[in-house]
Number of protein chains: 2
Amino acid sequence: MYSLADVCRRRRLRITSARMSIVRALDEADDHPDALTVHRRARKHDPRVSQASVYRTLKWLVEHGLIKKLDFGEGRFRYENAQKPHHNHLVDLGTGEILEFNDEDLEMLAQSISKRLGFVLSHHRVDLFGYRSLSSPIGK
Amino acid sequence: MYSLADVCRRRRLRITSARMSIVRALDEADDHPDALTVHRRARKHDPRVSQASVYRTLKWLVEHGLIKKLDFGEGRFRYENAQKPHHNHLVDLGTGEILEFNDEDLEMLAQSISKRLGFVLSHHRVDLFGYRSLSSPIGK
DNA sequence: CAGTTTATTGAGAATGAGTTTCAAGAACAT
DNA sequence: ATGTTCTTGAAACTCATTCTCAATAAACTG
């Protein structure tokens with residue numbers, strides 16, 4: 001998987017120093033940070049980067065399809081690298097942790113439901129919210 | 001289906017005049033209004049009702065399970081009567097219109113995926129976003 | 001490379017949804 | 001009626017996000 005900085009270069013998108021520090025923060029993330037978290041992390045690379053630039057750059061990256069804007073009804077948005085293969089989210093209501101999962105049947109079902117309703121599916125979002133069961137196969 | 005006002009009465013929830021105008025606005029809605037839309041509509045019944053009361057009452061109704069808080073990533077919430085049987089949403093990206101649909105397979109699949117991941121499903125959200133296909137069975 | 005245009009920046013002001021505060025007014029319980 | 005509790009409208013406030021603007025940095029142009 002290429003770094004976001006690389007993807008920008010390959011696409012001839014201007015990558016300034018402010019953008020570089022933001023993009024590095026996103027590249028290093030293996031979670032789903034919100035804008036202010038991205039700002040905090042980007043500042044570690046370059047303390048001069050402003051909040052405004054973070055919001056502008058996030059918007060710009062979303063517009064260019066390099067990152068995805070997520071929303072779990074928390075009153076703010078989270079972001080993730082769009083290069084990650086498609087997946088859905090499961091929110092652990094016990095801890096707030098966000099897990100990712102895939103299900104081929106689910107993908108096909110979303111397609112077929114859309115078709116049945118007369119729509120061409122652009123994208124979809126399946127979020128599950130639940131509590132870890134005591135006999136969790138994942139454990140903790 | 002009982003009106004929200006009736007449900008409040010049966011549950012011995014105090015229904016004041018401000019709440020009545022808000023609840024009537026919700027009862028009359030066959031769409032998915034956001035808080036300010038509810039406020040605008042409630043004012044038609046009683047122009048004195050404040051924005052604060054609308055937010056307070058919406059929160060109160062959600063807490064009592066009479067309405068559901070929806071979120072389509074628009075940066076604000078929408079609401080719908082919780083008495084409506086469970087359904088999912090399909091957002092028409094051409095018009096912004098929100099359609100409702102049901103799919104038994106989808107419900108079972110959400111359950112089984114949660115279980116597989118070691119979670120007890122509390123609730124889930126399946127939103128499809130798409131464009132009406134030219135040969136739409138629903139037409140327009 | 002100097003000069004000009006265009007894009008991006010940081011700081012802070014502005015916005016907009018939602019919440020809180022507070023004093024006044026209802027509703028309720030004795 | 002009296003005191004207690006709840007709810008209200010208005011306005012202040014919060015918080016995430018967007019906008020404004022003068023300054024700077026890049027990218028063109030000759």
# chains A, B, ... in the order shown; residues from 1 in each chain; ligands from 1
>>> residues_around(residues="segment 3-16 of chain C", least_positions_apart="5", cutoff="8 Å", atoms="only C-alpha atoms (C1' of nucleotides)", output="PDB file with C-alpha atoms (C1' of nucleotides), in the first residue's frame")
ATOM      1  CA  VAL A  49       0.320  23.540  11.195  1.00  0.00           C
ATOM      2  CA  SER A  50      -3.034  25.179  11.905  1.00  0.00           C
ATOM      3  CA  ALA A  52      -7.773  25.428   9.538  1.00  0.00           C
ATOM      4  CA  SER A  53      -5.241  23.625   7.368  1.00  0.00           C
TER       5      SER A  53
ATOM      6  C1'  DT D  18     -16.015  26.811   7.847  1.00  0.00           C
ATOM      7  C1'  DC D  19     -14.840  31.335   6.327  1.00  0.00           C
ATOM      8  C1'  DT D  20     -12.143  35.722   5.858  1.00  0.00           C
ATOM      9  C1'  DT D  24       3.580  33.885   2.105  1.00  0.00           C
ATOM     10  C1'  DA D  25       4.913  30.323  -0.998  1.00  0.00           C
ATOM     11  C1'  DA D  26       4.584  28.053  -5.569  1.00  0.00           C
ATOM     12  C1'  DA D  27       3.933  27.985 -10.150  1.00  0.00           C
ATOM     13  C1'  DC D  28       3.975  30.331 -14.538  1.00  0.00           C
ATOM     14  C1'  DT D  29       5.683  33.882 -18.146  1.00  0.00           C
TER      15       DT D  29
END
>>> calpha_fit_and_write(fixed="chain B", moving="chain A", output="mmCIF file with C-alpha atoms, in the first residue's frame")
data_model
loop_
_atom_site.group_PDB
_atom_site.id
_atom_site.type_symbol
_atom_site.label_atom_id
_atom_site.label_comp_id
_atom_site.auth_asym_id
_atom_site.auth_seq_id
_atom_site.Cartn_x
_atom_site.Cartn_y
_atom_site.Cartn_z
ATOM 1 C CA MET A 1 -50.568 3.178 15.582
ATOM 2 C CA TYR A 2 -51.086 5.428 18.598
ATOM 3 C CA SER A 3 -50.148 9.082 18.405
ATOM 4 C CA LEU A 4 -47.036 10.068 20.310
ATOM 5 C CA ALA A 5 -49.234 12.163 22.566
ATOM 6 C CA ASP A 6 -51.248 9.057 23.419
ATOM 7 C CA VAL A 7 -48.138 7.038 24.059
ATOM 8 C CA CYS A 8 -46.934 9.729 26.457
ATOM 9 C CA ARG A 9 -50.242 9.655 28.315
ATOM 10 C CA ARG A 10 -50.251 5.888 28.583
ATOM 11 C CA ARG A 11 -46.742 5.985 29.953
ATOM 12 C CA ARG A 12 -47.571 8.777 32.407
ATOM 13 C CA LEU A 13 -45.034 11.111 30.821
ATOM 14 C CA ARG A 14 -45.848 14.722 31.489
ATOM 15 C CA ILE A 15 -47.074 16.317 28.328
ATOM 16 C CA THR A 16 -47.093 20.116 28.556
ATOM 17 C CA SER A 17 -48.340 22.494 25.914
ATOM 18 C CA ALA A 18 -44.858 23.000 24.458
ATOM 19 C CA ARG A 19 -44.342 19.273 24.278
ATOM 20 C CA MET A 20 -47.764 18.803 22.771
ATOM 21 C CA SER A 21 -47.047 21.096 19.840
ATOM 22 C CA ILE A 22 -43.719 19.367 19.199
ATOM 23 C CA VAL A 23 -45.189 15.912 19.458
ATOM 24 C CA ARG A 24 -48.010 16.856 17.111
ATOM 25 C CA ALA A 25 -45.467 18.059 14.559
ATOM 26 C CA LEU A 26 -43.735 14.698 14.805
ATOM 27 C CA ASP A 27 -46.991 12.777 14.572
ATOM 28 C CA GLU A 28 -47.928 14.553 11.390
ATOM 29 C CA ALA A 29 -44.539 14.001 9.757
ATOM 30 C CA ASP A 30 -44.226 11.291 7.156
ATOM 31 C CA ASP A 31 -40.650 12.284 6.387
ATOM 32 C CA HIS A 32 -37.453 12.581 8.453
ATOM 33 C CA PRO A 33 -37.313 16.162 9.761
ATOM 34 C CA ASP A 34 -34.320 17.708 11.497
ATOM 35 C CA ALA A 35 -34.640 19.706 14.718
ATOM 36 C CA LEU A 36 -35.156 23.084 13.088
ATOM 37 C CA THR A 37 -37.802 21.683 10.770
ATOM 38 C CA VAL A 38 -39.589 20.249 13.794
ATOM 39 C CA HIS A 39 -39.360 23.680 15.384
ATOM 40 C CA ARG A 40 -40.825 25.385 12.333
ATOM 41 C CA ARG A 41 -43.705 22.907 12.239
ATOM 42 C CA ALA A 42 -44.326 23.013 15.986
ATOM 43 C CA ARG A 43 -44.594 26.796 15.776
ATOM 44 C CA LYS A 44 -47.565 26.399 13.454
ATOM 45 C CA HIS A 45 -49.436 24.870 16.378
ATOM 46 C CA ASP A 46 -48.045 27.194 18.999
ATOM 47 C CA PRO A 47 -45.838 30.089 17.928
ATOM 48 C CA ARG A 48 -44.455 30.529 21.428
ATOM 49 C CA VAL A 49 -42.529 27.259 21.502
ATOM 50 C CA SER A 50 -38.779 27.853 21.673
ATOM 51 C CA GLN A 51 -35.929 26.193 19.896
ATOM 52 C CA ALA A 52 -34.519 25.121 23.255
ATOM 53 C CA SER A 53 -37.724 23.258 24.049
ATOM 54 C CA VAL A 54 -37.609 21.497 20.728
ATOM 55 C CA TYR A 55 -34.091 20.239 21.362
ATOM 56 C CA ARG A 56 -34.943 19.320 24.928
ATOM 57 C CA THR A 57 -38.111 17.509 23.916
ATOM 58 C CA LEU A 58 -36.424 15.633 21.086
ATOM 59 C CA LYS A 59 -33.762 14.460 23.499
ATOM 60 C CA TRP A 60 -36.416 13.492 26.022
ATOM 61 C CA LEU A 61 -38.406 11.551 23.430
ATOM 62 C CA VAL A 62 -35.288 9.719 22.283
ATOM 63 C CA GLU A 63 -34.444 8.837 25.875
ATOM 64 C CA HIS A 64 -37.915 7.417 26.352
ATOM 65 C CA GLY A 65 -37.632 5.492 23.123
ATOM 66 C CA LEU A 66 -40.531 7.247 21.432
ATOM 67 C CA ILE A 67 -38.524 8.582 18.515
ATOM 68 C CA LYS A 68 -35.276 7.649 16.809
ATOM 69 C CA LYS A 69 -32.381 9.948 16.094
ATOM 70 C CA LEU A 70 -31.075 9.449 12.581
ATOM 71 C CA ASP A 71 -27.862 10.599 11.069
ATOM 72 C CA PHE A 72 -26.964 10.627 7.404
ATOM 73 C CA GLY A 73 -23.685 12.482 7.730
ATOM 74 C CA GLU A 74 -25.235 15.844 6.964
ATOM 75 C CA GLY A 75 -23.913 17.540 10.088
ATOM 76 C CA ARG A 76 -27.265 17.531 11.826
ATOM 77 C CA PHE A 77 -29.683 14.901 13.034
ATOM 78 C CA ARG A 78 -33.030 13.846 11.743
ATOM 79 C CA TYR A 79 -35.818 12.173 13.690
ATOM 80 C CA GLU A 80 -38.567 9.668 13.099
ATOM 81 C CA ASN A 81 -41.329 8.043 15.113
ATOM 82 C CA ALA A 82 -39.940 4.949 16.813
ATOM 83 C CA GLN A 83 -43.279 3.200 16.469
ATOM 84 C CA LYS A 84 -42.643 2.695 12.791
ATOM 85 C CA PRO A 85 -41.554 -0.896 12.358
ATOM 86 C CA HIS A 86 -37.828 -1.372 11.921
ATOM 87 C CA HIS A 87 -36.521 -0.447 8.511
ATOM 88 C CA ASN A 88 -33.374 0.761 6.845
ATOM 89 C CA HIS A 89 -32.769 3.818 4.705
ATOM 90 C CA LEU A 90 -31.776 4.396 1.139
ATOM 91 C CA VAL A 91 -30.656 7.924 0.311
ATOM 92 C CA ASP A 92 -31.365 9.039 -3.236
ATOM 93 C CA LEU A 93 -28.205 10.953 -4.063
ATOM 94 C CA GLY A 94 -29.943 12.567 -7.001
ATOM 95 C CA THR A 95 -32.630 14.255 -4.928
ATOM 96 C CA GLY A 96 -31.613 13.852 -1.289
ATOM 97 C CA GLU A 97 -34.859 11.992 -0.712
ATOM 98 C CA ILE A 98 -34.768 9.285 1.932
ATOM 99 C CA LEU A 99 -36.585 6.038 1.213
ATOM 100 C CA GLU A 100 -37.255 3.251 3.624
ATOM 101 C CA PHE A 101 -36.858 -0.423 2.940
ATOM 102 C CA ASN A 102 -36.970 -3.753 4.671
ATOM 103 C CA ASP A 103 -35.137 -6.934 4.036
ATOM 104 C CA GLU A 104 -35.517 -9.985 6.148
ATOM 105 C CA ASP A 105 -32.261 -11.537 4.940
ATOM 106 C CA LEU A 106 -30.409 -8.395 5.924
ATOM 107 C CA GLU A 107 -31.772 -8.528 9.447
ATOM 108 C CA MET A 108 -30.770 -12.131 9.890
ATOM 109 C CA LEU A 109 -27.361 -11.479 8.430
ATOM 110 C CA ALA A 110 -26.706 -8.584 10.819
ATOM 111 C CA GLN A 111 -27.604 -10.880 13.694
ATOM 112 C CA SER A 112 -25.411 -13.696 12.535
ATOM 113 C CA ILE A 113 -22.418 -11.461 11.830
ATOM 114 C CA SER A 114 -22.640 -9.960 15.320
ATOM 115 C CA LYS A 115 -22.838 -13.375 16.852
ATOM 116 C CA ARG A 116 -19.880 -14.578 14.828
ATOM 117 C CA LEU A 117 -17.839 -11.635 16.123
ATOM 118 C CA GLY A 118 -18.835 -12.356 19.697
ATOM 119 C CA PHE A 119 -21.305 -9.537 20.194
ATOM 120 C CA VAL A 120 -24.883 -9.236 21.257
ATOM 121 C CA LEU A 121 -26.411 -6.878 18.746
ATOM 122 C CA SER A 122 -28.040 -3.839 20.307
ATOM 123 C CA HIS A 123 -28.995 -2.122 17.085
ATOM 124 C CA HIS A 124 -27.657 -1.628 13.629
ATOM 125 C CA ARG A 125 -27.831 0.798 10.813
ATOM 126 C CA VAL A 126 -27.765 -0.004 7.155
ATOM 127 C CA ASP A 127 -27.779 2.988 4.844
ATOM 128 C CA LEU A 128 -27.553 2.682 1.114
ATOM 129 C CA PHE A 129 -26.620 5.693 -1.005
ATOM 130 C CA GLY A 130 -27.291 5.578 -4.701
ATOM 131 C CA TYR A 131 -28.741 7.062 -7.828
ATOM 132 C CA ARG A 132 -32.035 6.081 -9.351
ATOM 133 C CA SER A 133 -31.319 3.890 -12.336
ATOM 134 C CA LEU A 134 -32.817 4.907 -15.660
ATOM 135 C CA SER A 135 -34.944 1.812 -15.837
ATOM 136 C CA SER A 136 -36.138 2.223 -12.289
ATOM 137 C CA PRO A 137 -38.925 -0.135 -11.310
ATOM 138 C CA ILE A 138 -40.305 2.620 -9.089
ATOM 139 C CA GLY A 139 -40.239 5.236 -11.804
ATOM 140 C CA LYS A 140 -40.582 8.855 -10.787
#
>>> residues_around(residues="DT4 of chain D", least_positions_apart="3", cutoff="10 Å", atoms="only C-alpha atoms (C1' of nucleotides)", output="PyMOL selection string")
chain C and resi 28-30
>>> write_last_selection(atoms="N, CA and C atoms (P, O5', C5', C4', C3', O3' and C1' of nucleotides)", output="mmCIF file, in the first residue's frame")
data_model
loop_
_atom_site.group_PDB
_atom_site.id
_atom_site.type_symbol
_atom_site.label_atom_id
_atom_site.label_comp_id
_atom_site.auth_asym_id
_atom_site.auth_seq_id
_atom_site.Cartn_x
_atom_site.Cartn_y
_atom_site.Cartn_z
ATOM 1 P P DC C 28 -50.248 17.955 36.396
ATOM 2 O "O5'" DC C 28 -49.722 17.602 37.859
ATOM 3 C "C5'" DC C 28 -48.361 17.227 38.043
ATOM 4 C "C4'" DC C 28 -48.017 17.228 39.511
ATOM 5 C "C3'" DC C 28 -49.059 16.523 40.388
ATOM 6 O "O3'" DC C 28 -48.476 15.338 40.901
ATOM 7 C "C1'" DC C 28 -48.277 18.583 41.348
ATOM 8 P P DA C 29 -49.339 14.462 42.017
ATOM 9 O "O5'" DA C 29 -48.840 15.138 43.358
ATOM 10 C "C5'" DA C 29 -47.443 15.115 43.694
ATOM 11 C "C4'" DA C 29 -47.283 15.474 45.159
ATOM 12 C "C3'" DA C 29 -48.250 14.706 46.067
ATOM 13 O "O3'" DA C 29 -47.568 14.341 47.259
ATOM 14 C "C1'" DA C 29 -48.654 17.046 46.263
ATOM 15 P P DT C 30 -48.359 13.292 48.265
ATOM 16 O "O5'" DT C 30 -49.032 14.229 49.351
ATOM 17 C "C5'" DT C 30 -48.237 14.652 50.457
ATOM 18 C "C4'" DT C 30 -48.601 16.060 50.916
ATOM 19 C "C3'" DT C 30 -49.542 16.051 52.121
ATOM 20 O "O3'" DT C 30 -48.767 16.309 53.290
ATOM 21 C "C1'" DT C 30 -49.983 17.841 50.612
#
>>> select_by_dssp(residues="segment 25-55 of chain A", states="helix (DSSP H, G or I)", output="count of residues only")
20
>>> select_by_dssp(residues="segment 3-103 of chain A", states="strand (DSSP E or B)", output="number ranges by chain")
A: 34, 67-70, 78-81, 88-92, 98-101
>>> interface_residues(of="chain C", to="chain B", cutoff="12 Å", atoms="only C-alpha atoms (C1' of nucleotides)", output="list in words")
DG16, DA17, DG18, DT19, DT20, DT21, DA26, DA27 and DC28 of chain C
>>> write_last_selection(atoms="N, CA and C atoms (P, O5', C5', C4', C3', O3' and C1' of nucleotides)", output="PDB file, in the first residue's frame")
ATOM      1  P    DG C  16     -25.150  29.759   9.317  1.00  0.00           P
ATOM      2  O5'  DG C  16     -25.286  28.173   9.423  1.00  0.00           O
ATOM      3  C5'  DG C  16     -24.159  27.382   9.781  1.00  0.00           C
ATOM      4  C4'  DG C  16     -24.589  26.233  10.653  1.00  0.00           C
ATOM      5  C3'  DG C  16     -26.029  26.283  11.165  1.00  0.00           C
ATOM      6  O3'  DG C  16     -26.469  24.932  11.304  1.00  0.00           O
ATOM      7  C1'  DG C  16     -24.572  26.334  12.989  1.00  0.00           C
ATOM      8  P    DA C  17     -27.999  24.578  11.600  1.00  0.00           P
ATOM      9  O5'  DA C  17     -27.785  23.383  12.623  1.00  0.00           O
ATOM     10  C5'  DA C  17     -26.925  22.316  12.268  1.00  0.00           C
ATOM     11  C4'  DA C  17     -26.546  21.575  13.517  1.00  0.00           C
ATOM     12  C3'  DA C  17     -27.740  21.168  14.380  1.00  0.00           C
ATOM     13  O3'  DA C  17     -27.536  19.828  14.816  1.00  0.00           O
ATOM     14  C1'  DA C  17     -26.239  22.501  15.656  1.00  0.00           C
ATOM     15  P    DG C  18     -28.666  19.059  15.632  1.00  0.00           P
ATOM     16  O5'  DG C  18     -28.253  19.374  17.127  1.00  0.00           O
ATOM     17  C5'  DG C  18     -27.001  18.873  17.594  1.00  0.00           C
ATOM     18  C4'  DG C  18     -26.704  19.466  18.944  1.00  0.00           C
ATOM     19  C3'  DG C  18     -27.773  19.231  20.021  1.00  0.00           C
ATOM     20  O3'  DG C  18     -27.195  18.426  21.035  1.00  0.00           O
ATOM     21  C1'  DG C  18     -26.951  21.458  20.063  1.00  0.00           C
ATOM     22  P    DT C  19     -27.943  18.109  22.428  1.00  0.00           P
ATOM     23  O5'  DT C  19     -27.378  19.213  23.433  1.00  0.00           O
ATOM     24  C5'  DT C  19     -25.977  19.332  23.581  1.00  0.00           C
ATOM     25  C4'  DT C  19     -25.666  20.315  24.697  1.00  0.00           C
ATOM     26  C3'  DT C  19     -26.426  20.078  26.003  1.00  0.00           C
ATOM     27  O3'  DT C  19     -25.459  20.065  27.036  1.00  0.00           O
ATOM     28  C1'  DT C  19     -26.656  22.337  25.317  1.00  0.00           C
ATOM     29  P    DT C  20     -25.829  19.829  28.559  1.00  0.00           P
ATOM     30  O5'  DT C  20     -25.826  21.309  29.151  1.00  0.00           O
ATOM     31  C5'  DT C  20     -24.655  22.092  29.032  1.00  0.00           C
ATOM     32  C4'  DT C  20     -24.931  23.478  29.610  1.00  0.00           C
ATOM     33  C3'  DT C  20     -25.592  23.457  30.993  1.00  0.00           C
ATOM     34  O3'  DT C  20     -24.771  24.245  31.850  1.00  0.00           O
ATOM     35  C1'  DT C  20     -26.757  24.924  29.525  1.00  0.00           C
ATOM     36  P    DT C  21     -25.131  24.390  33.426  1.00  0.00           P
ATOM     37  O5'  DT C  21     -25.741  25.864  33.469  1.00  0.00           O
ATOM     38  C5'  DT C  21     -25.094  26.898  32.742  1.00  0.00           C
ATOM     39  C4'  DT C  21     -25.833  28.200  32.969  1.00  0.00           C
ATOM     40  C3'  DT C  21     -26.483  28.315  34.354  1.00  0.00           C
ATOM     41  O3'  DT C  21     -26.292  29.636  34.826  1.00  0.00           O
ATOM     42  C1'  DT C  21     -28.119  28.573  32.683  1.00  0.00           C
ATOM     43  P    DA C  26     -47.982  30.661  33.819  1.00  0.00           P
ATOM     44  O5'  DA C  26     -47.709  29.202  34.353  1.00  0.00           O
ATOM     45  C5'  DA C  26     -48.535  28.261  33.822  1.00  0.00           C
ATOM     46  C4'  DA C  26     -47.879  26.928  33.705  1.00  0.00           C
ATOM     47  C3'  DA C  26     -48.871  25.900  34.225  1.00  0.00           C
ATOM     48  O3'  DA C  26     -48.928  24.834  33.321  1.00  0.00           O
ATOM     49  C1'  DA C  26     -46.830  25.789  35.459  1.00  0.00           C
ATOM     50  P    DA C  27     -50.221  23.928  33.470  1.00  0.00           P
ATOM     51  O5'  DA C  27     -49.711  22.844  34.515  1.00  0.00           O
ATOM     52  C5'  DA C  27     -48.571  22.058  34.173  1.00  0.00           C
ATOM     53  C4'  DA C  27     -48.259  21.113  35.308  1.00  0.00           C
ATOM     54  C3'  DA C  27     -49.468  20.415  35.901  1.00  0.00           C
ATOM     55  O3'  DA C  27     -49.164  19.033  35.892  1.00  0.00           O
ATOM     56  C1'  DA C  27     -48.159  21.418  37.608  1.00  0.00           C
ATOM     57  P    DC C  28     -50.248  17.955  36.396  1.00  0.00           P
ATOM     58  O5'  DC C  28     -49.722  17.602  37.859  1.00  0.00           O
ATOM     59  C5'  DC C  28     -48.361  17.227  38.043  1.00  0.00           C
ATOM     60  C4'  DC C  28     -48.017  17.228  39.511  1.00  0.00           C
ATOM     61  C3'  DC C  28     -49.059  16.523  40.388  1.00  0.00           C
ATOM     62  O3'  DC C  28     -48.476  15.338  40.901  1.00  0.00           O
ATOM     63  C1'  DC C  28     -48.277  18.583  41.348  1.00  0.00           C
TER      64       DC C  28
END
